[in-house]
Amino acid sequence: MNDQSNKWIGKRTVRPDGADKVTGRAAYAADASMPGMIWGKVLRSPHPHAVIKSIDTSKAEALPGVKAVATAADFVDFPTDTPVPLGIQDMRWMSRNILAKEKVLFHGHPIAAVAAMSEEIAAEACALIEVEYDVLPFAIEIDDAIAKDAPILHDFIQFEGKPSNIAGTLEHTLGDVDAGFAEADVIVERSFTTKPVHQGYIETHACVVSVAPDDRTTIWSSSQGQFMVRAMTTFLTGIPQSKINAIPAEIGGGFGGKTIVYLEPVATILSKKSGRPVKMVMNREEVMRATGPTSGSKSTVKIGAKKDGTIVAGEGTFYLQAGCLPGSPIRGAAGCAFAPYDIKNVHSFGYDVVSNRSKVAAYRAPGAPIGAFAVESVLDEVAEKIGMDPLKLRLKNAAKEGTKAAHGPTFPRIGYVETLEAALNSDHYKTPLTGKFQGRGVASGFWFNAGGESSAQVNITEDGNVVVTTGHPDIGGSRASIANITAELLGIDYDQVSVQIGDTASVGYSNLTGGSRVLFASAMVVTESAAEVIEQLKGRAAKIWGIDPSQVVWEGGEARPMGEHSGNFPSMTLGELAAKANATGGPIGAGSQSNTVGAEGGFATHVCDVEVDVDLGIVRVLRYTCFQDVGRAIHPSYVEGQLQGGMAQGIGWAINEEYIYNKKGQVDNPGFLDYRMPVCSDLPMLDCGIIEIPNPKHPQGVRGVGEVPLVPGPAAVRNAVFDALGIRIDDLPLSPPTVLAAFDANSRQAAE
Amino acid sequence: MSDIRYLAPHTLDDAIAQYAAADGAARILAGGTDLLVQMRSGVLKPSTIVDVKKVPELMAVEETADGGFRIGAAVSGAALEEHAKFGKVWPGVLEGLNLIGSTQVQGRASMGGNLCNGSPAGDSVPALVAAGVVATIKGPNGTREMKVEDVPAGPGKTNLKPGEILVSFTFPARPKGSSDAYLRMIPRTEMDIAVVGVGVSLTLDAGTCTAARVGLGAVAPTVLLVADAAKALIGSKLDDAAIEAAAAACSAACNPIDDKRGTIEYRTKVAGVLLKRATAIAAERAGRA
Ligand SMILES: Cc1cc2nc3c(=O)[nH]c(=O)nc-3n(C[C@H](O)[C@H](O)[C@H](O)COP(=O)(O)OP(=O)(O)OC[C@H]3O[C@@H](n4cnc5c(N)ncnc54)[C@H](O)[C@@H]3O)c2cc1C
């Protein structure tokens with residue numbers, strides 16, 4: 001597995017999508033175009049909360065150039081009392097998110113859609129739709145939504161017997177926390193808030209949909225799962241899955257935000273009604289107002305430890321914003337928060353809170369950074385209180401093989417300890433800081449990772465090359481990694497392998513690109529398929545040589561006779577066998593499908609150095625390193641890309657990213673100017689300490705890589721700011737006005 | 001749906017005639033880095049666009065007879081940066097202009113557009129105000145001159161009359177020992193909008209500040225000339241007391257709003273901080289000039 005004789009696994013091969021992306025040849029969803037195509041646009045709610053009394057579309061329909069108008073009445077109805085789950089989603093909520101039904105629930109909530117000959121006409125027609133509202137009071141923040149007299153979003157949601165905005169809870173218990181705290185020498189308890197942050201994909205949501213008169217439907221769209229697009233479109237339009245072909249476009253970022261649909265079912269109905277292909281493309285403002293960020297949160301965490309550093313109890317309460325419909329990632333927050341530690345007594349509680357914001361969507365390790373922010377910040381203070389190095393405190397309590405986690409599993413071989421040891425021994429951690437307002441912070445994080453359904457087909461072409469088709473959109477390098485693995489398994493050159501992402505009509509069901517599952521799952525089915533292909537190749541050679549297939553080995557990309565026949569026949573290459581395929585039994589290829597299991601959790605430890613400009617409150621990151629157990633780095637450049645992207649997003653979450661609402665309940669910063677993701681010059685080189693503890697349950701040792709690197713970031717930055725200033729700031733983001741106010745208040749206090 | 005008329009006159013007189021002849025919904029196009037963005041987002045729907053980039057007076061960079069400069073209103077940041085002398089004499093003005101946007105935006109963005117867009121946060125404006133620059137304006141009723149600080153009338157508004165075009169900026173000649181600096185506070189390191197911007201222009205004679213002007217951006221409806229800050233500096237050796245007094249004058253001049261980009265408290269304090277830092281840079285440059 002960690003075999004140095006590997007020729008391709010672990011090599012930085014040229015990424016197959018690279019040249020197309022930098023030259024503009026890659027086709028994203030908005031690049032799709034069809035003869036006769038028209039444009040769809042959505043009318044959005046001007047109110048954060050209102051009952052829809054009536055919708056009159058007649059004037060819009062009468063506008064010349066308008067070809068179809070749709071409202072929620074054109075879609076399948078999902079009554080609120082009957083759950084219809086699809087993965088972690090529920091079609092009751094998905095249907096009401098794509099087009100408002102009884103109520104509008106946030107400013108920007110889609111109400112109706114128009115398809116017209118041009119974007120301008122469609123926009124003009126949207127303005128002609130007359131909607132009568134009964135405007136209601138609204139709640140944006142968690143505290144407002146859970147207040148006694150809060151406006152209730154959904155009458156059918158009850159909590160403790162009363163209508164409530166608390167849509168769900170989740171609890172993990174291990175041992176007895178009260179008994180644990182009784183043993184503690186030091187107890188630290190703090191409350192924290194984090195703001196919702198957007199995934200920030202560069203490509204906005206887009207699709208082209210063409211529906212034939214007999215309902216055969218073709219969808220080109222940018223998503224993290226063409227099968228998810230198909231399934232949701234079927235649910236919402238009633239067109240059977242067999243009639244829909246969802247074609248995955250090249251995707252310009254998703255980070256979890258494209259694991260649900262916004263446009264495809266709407267464009268499908270518009271196309272069905274108009275008889276024309278319909279294109280819909282969101283602008284950035286629509287993305288910021290109406291597509292999921294991840295939750296904002298408020299949480300309280302209490303940790304007790306003995307003087308020697310043994311953590312005896314941990315307690316956490318996490319309130320997460322779901323947006324306007326149920327379904328925040330409380331499982332990620334409450335489940336991952338304490339997972340890096342071997343703590344005998346844990347109580348972790350999550351609340352799912354709806355309010356008048358856009359419905360949240362997944363974002364890299366959904367919920368986990370929120371849990372880690374609180375726990376890792378409190379641990380930092382525990383370490384300070386007992387006078388212990390914060391990494392050594394974590395090392396003393398680190399989860400390892402055999403540790404029982406509060407969220408259920410007993411860990412198999414995991415690499416958390418190794419990340420801490422690597423951090424402790426790193427040049428970064430050993431290099432002293434020099435400046436007055438410089439500081440260093442550390443934090444760790446955990447993510448479950450996932451396996452799930454995957455399908456693959458490995459075909460040998462007539463000219464002796466290989467085409468691999470998988471069913472998960474490639475957003476993090478899966479094509480290059482699958483090509484490395486296929487070349488390795490078949491013993492051929494990397495350039496002989498081409499990896500395609502199949503559409504829903506040409507490859508078997510494959511679950512979303514999400515949960516850090518893709519390489520884990522698709523490598524398994526590709527490995528099975530490749531093994532089957534090798535069997536076929538050996539069989540073909542055996543037939544040509546007239547010997548038993550058990551007397552053939554596949555080695556170095558060739559079939560060779562072995563045993564008593566060893567040396568009796570010249571070995572045959574893939575090309576030679578492919579050329580003779582028709583004479584020896586027909587096309588060579590194999591597919592495999594399975595529901596993969598064994599994706600074990602991933603751990604990372606981050607070390608962050610900052611410097612604070614105390615006159616302006618600006619926090620600058622000077623040095624940053626991620627130490628992560630990646631299982632096996634099949635393609636190290638892509639692994640580094642995942643780690644670096646996660647670090648950058650974590651730093652952004654910590655320092656400047658936030659949704660700002662005005663008093664009218666509207667997002668006040670719906671664009672990249674005032675929603676401040678880091679730009680290149682904001683960041684130092686983001687260093688990667690790749691640690692490879694192969695996953696024993698995977699043929700190549702793969703563990704998910706893509707989500708853990710976001711988890712520790714916000715806490716690592718916050719702990720570094722404490723080290724620099726001696727001030728613990730518990731509310732993100734650590735934006736200049738917040739940091740300056742905290743510093744000045746602290747100076748005033750010190751002066752008194 | 002209405003079509004837009006695009007005109008690109010080659011002379012100033014044609015530009016003025018065409019601009020005046022079009023109805024009130026006509027717009028001047030310089031670099032377009034504000035105008036096109038506003039049109040795209042639906043904020044503006046001009047009926048006619050008069051592109052002034054072919055008009056020589058608006059694209060010229062000249063040294064005047066008295067040793068100053070005249071810069072066409074539509075000259076881009078990238079073009080001005082390539083001028084051999086301008087940036088040596090007015091490094092603060094150039095750094096303000098060159099902070100605008102990215103490399104791509106620099107190829108287009110102009111000082112005239114930055115000023116006429118009327119944003120109190122325009123990055124080239126505080127340094128232009130500090131520099132004591134005079135704007136030449138021409139319209140159907142002839143030519144007039146206006147101090148730069150008098151051009152903006154409030155967010156998105158100018159004091160130009162209907163049909164008037166900003167033609168050029170005239171920079172005064174500089175005595176020996178003069179220089180300037182511009183600093184802005186942005187949460188990021190680039191691609192951002194000033195929360196506060198301070199331009200300082202000063203002259204030093206044997207260590208004594210003999211002349212100074214201070215422009216302050218993003219803390220009031222228009223960019224401010226802060227006379228009290230200049231007064232505190234003039235006559236001093238730029239000692240701590242003088243600089244503290246000038247900083248306090250900048251904070252006092254602030255009339256900001258609480259908004260998504262910064263609180264009143266934050267902007268007020270930062271105005272003073274940036275005054276100190278910009279003054280130090282300008283003084284250091286003046287010492288070498
Ligand atoms: C990505 C990006 C980043 C940016 N970053 C910054 C930044 O950091 N700092 C900053 O200050 N700005 C920034 N801007 C805004 C913009 O680039 C500047 O304001 C720029 O100076 C505008 O100049 P322009 O020549 O492009 O103006 P235009 O867009 O051509 O014109 C702006 C306005 O002024 C009017 N106008 C232009 N010239 C004249 C004239 N001669 N007479 C009368 N009216 C005229 C136009 O009609 C229009 O209303 C940014 C813009 C973008 C797109």
# chains A, B, ... in the order shown; residues from 1 in each chain; ligands from 1

call {"tool": "residues_around", "arguments": {"residues": "region 298-314 of chain A", "least_positions_apart": "2", "cutoff": "8 Å", "atoms": "only C-alpha atoms", "output": "PyMOL selection string"}}
result
chain A and resi 142+177-178+180-181+183-194+296+316-320+338+343-348+374-375+378-379+382-383+386+388+393+396-397

call {"tool": "residues_around", "arguments": {"residues": "Asn141 (chain B)", "least_positions_apart": "3", "cutoff": "9 Å", "atoms": "only C-alpha atoms", "output": "short mmCIF file (atom, residue, chain, number, x, y, z; two decimals) with all heavy atoms, in the first residue's frame"}}
result
data_model
loop_
_atom_site.label_atom_id
_atom_site.label_comp_id
_atom_site.auth_asym_id
_atom_site.auth_seq_id
_atom_site.Cartn_x
_atom_site.Cartn_y
_atom_site.Cartn_z
N LYS B 138 -15.81 71.57 -18.53
CA LYS B 138 -16.32 72.27 -19.70
C LYS B 138 -17.72 71.79 -20.04
O LYS B 138 -18.00 70.59 -19.96
CB LYS B 138 -15.37 72.05 -20.89
CG LYS B 138 -15.63 73.02 -22.02
CD LYS B 138 -14.47 73.07 -23.01
CE LYS B 138 -14.80 74.07 -24.12
NZ LYS B 138 -13.88 73.99 -25.24
N GLY B 163 -24.77 68.52 -18.71
CA GLY B 163 -23.98 68.74 -19.92
C GLY B 163 -22.51 69.01 -19.67
O GLY B 163 -21.72 69.07 -20.61
N GLU B 164 -22.11 69.16 -18.42
CA GLU B 164 -20.69 69.46 -18.15
C GLU B 164 -19.85 68.18 -18.07
O GLU B 164 -20.31 67.17 -17.55
CB GLU B 164 -20.54 70.25 -16.84
CG GLU B 164 -20.91 71.72 -17.00
CD GLU B 164 -20.57 72.55 -15.78
OE1 GLU B 164 -20.61 72.02 -14.64
OE2 GLU B 164 -20.28 73.74 -15.95
#

call {"tool": "closest_residue", "arguments": {"among": "B:Ala21, B:Ala241, B:Ala286, B:Val55", "to": "ligand 1", "atoms": "only C-alpha atoms and all ligand atoms"}}
result
B:Val55

call {"tool": "interface_residues", "arguments": {"of": "chain B", "to": "chain A", "cutoff": "8 Å", "atoms": "only C-alpha atoms", "output": "PDB file with N, CA and C atoms, in the first residue's frame"}}
result
ATOM      1  N   MET B   1     -37.705  47.027 -22.624  1.00  0.00           N
ATOM      2  CA  MET B   1     -36.347  46.907 -23.173  1.00  0.00           C
ATOM      3  C   MET B   1     -36.037  48.101 -24.054  1.00  0.00           C
ATOM      4  N   MET B 185      -7.732  52.216   5.085  1.00  0.00           N
ATOM      5  CA  MET B 185      -7.992  51.029   5.898  1.00  0.00           C
ATOM      6  C   MET B 185      -8.985  50.179   5.138  1.00  0.00           C
ATOM      7  N   PRO B 187     -10.409  45.906   5.342  1.00  0.00           N
ATOM      8  CA  PRO B 187     -10.255  44.677   6.119  1.00  0.00           C
ATOM      9  C   PRO B 187      -9.359  43.669   5.420  1.00  0.00           C
ATOM     10  N   ARG B 188      -9.415  43.631   4.093  1.00  0.00           N
ATOM     11  CA  ARG B 188      -8.539  42.730   3.365  1.00  0.00           C
ATOM     12  C   ARG B 188      -7.273  43.474   2.969  1.00  0.00           C
ATOM     13  N   THR B 189      -6.444  42.831   2.140  1.00  0.00           N
ATOM     14  CA  THR B 189      -5.234  43.504   1.678  1.00  0.00           C
ATOM     15  C   THR B 189      -5.421  44.148   0.309  1.00  0.00           C
ATOM     16  N   GLU B 190      -6.424  43.742  -0.429  1.00  0.00           N
ATOM     17  CA  GLU B 190      -6.726  44.374  -1.718  1.00  0.00           C
ATOM     18  C   GLU B 190      -8.131  43.991  -2.130  1.00  0.00           C
ATOM     19  N   MET B 191      -8.582  44.498  -3.273  1.00  0.00           N
ATOM     20  CA  MET B 191      -9.930  44.233  -3.771  1.00  0.00           C
ATOM     21  C   MET B 191     -10.970  44.531  -2.700  1.00  0.00           C
ATOM     22  N   ASP B 192     -10.947  45.740  -2.218  1.00  0.00           N
ATOM     23  CA  ASP B 192     -11.835  46.104  -1.121  1.00  0.00           C
ATOM     24  C   ASP B 192     -12.144  47.585  -1.229  1.00  0.00           C
ATOM     25  N   ILE B 193     -13.011  48.066  -0.366  1.00  0.00           N
ATOM     26  CA  ILE B 193     -13.408  49.467  -0.432  1.00  0.00           C
ATOM     27  C   ILE B 193     -12.992  50.138   0.873  1.00  0.00           C
ATOM     28  N   LYS B 260     -22.384  48.457   7.220  1.00  0.00           N
ATOM     29  CA  LYS B 260     -21.754  47.149   7.123  1.00  0.00           C
ATOM     30  C   LYS B 260     -20.240  47.244   7.001  1.00  0.00           C
ATOM     31  N   ARG B 261     -19.740  48.425   6.640  1.00  0.00           N
ATOM     32  CA  ARG B 261     -18.291  48.531   6.423  1.00  0.00           C
ATOM     33  C   ARG B 261     -17.541  49.039   7.635  1.00  0.00           C
ATOM     34  N   GLY B 262     -18.226  49.507   8.644  1.00  0.00           N
ATOM     35  CA  GLY B 262     -17.519  49.963   9.835  1.00  0.00           C
ATOM     36  C   GLY B 262     -18.450  50.744  10.746  1.00  0.00           C
ATOM     37  N   THR B 263     -18.130  50.737  12.015  1.00  0.00           N
ATOM     38  CA  THR B 263     -18.945  51.487  12.963  1.00  0.00           C
ATOM     39  C   THR B 263     -18.439  52.929  13.028  1.00  0.00           C
ATOM     40  N   TYR B 266     -15.372  53.014  15.204  1.00  0.00           N
ATOM     41  CA  TYR B 266     -14.203  52.475  14.538  1.00  0.00           C
ATOM     42  C   TYR B 266     -13.629  53.471  13.531  1.00  0.00           C
ATOM     43  N   VAL B 270      -9.932  55.263  13.556  1.00  0.00           N
ATOM     44  CA  VAL B 270      -8.996  54.907  12.485  1.00  0.00           C
ATOM     45  C   VAL B 270      -8.568  56.137  11.681  1.00  0.00           C
ATOM     46  N   VAL B 273      -5.563  57.358  13.362  1.00  0.00           N
ATOM     47  CA  VAL B 273      -4.432  56.429  13.198  1.00  0.00           C
ATOM     48  C   VAL B 273      -3.811  56.584  11.813  1.00  0.00           C
TER      49      VAL B 273
END

call {"tool": "atom_distance", "arguments": {"atom1": "CA of Asn117 (chain B)", "atom2": "atom 35 (C, counted along the ligand's line) of ligand 1"}}
result
5.3 Å

call {"tool": "residues_near_ligand", "arguments": {"ligand": "ligand 1", "cutoff": "8 Å", "atoms": "only C-alpha atoms and all ligand atoms", "output": "PyMOL selection string"}}
result
chain B and resi 27-37+52+58+73-76+97+99-102+105-106+108-119+121-125+137+156+160+164-168+190-194

call {"tool": "closest_residue", "arguments": {"among": "A:Phe603, A:Tyr509, A:Tyr201, A:Phe235", "to": "Ala339 (chain A)", "atoms": "only C-alpha atoms"}}
result
A:Phe603

call {"tool": "residues_around", "arguments": {"residues": "Val702 (chain A)", "least_positions_apart": "2", "cutoff": "10 Å", "atoms": "only C-alpha atoms", "output": "ChimeraX atom specification"}}
result
/A:517,519-521,523-524,598-600,630-634,692-700,704-705

call {"tool": "residues_around", "arguments": {"residues": "region 66-68 of chain A", "least_positions_apart": "3", "cutoff": "10 Å", "atoms": "only C-alpha atoms", "output": "ChimeraX atom specification"}}
result
/A:38-40,60-63,113-118,121-122,124-125,269-276
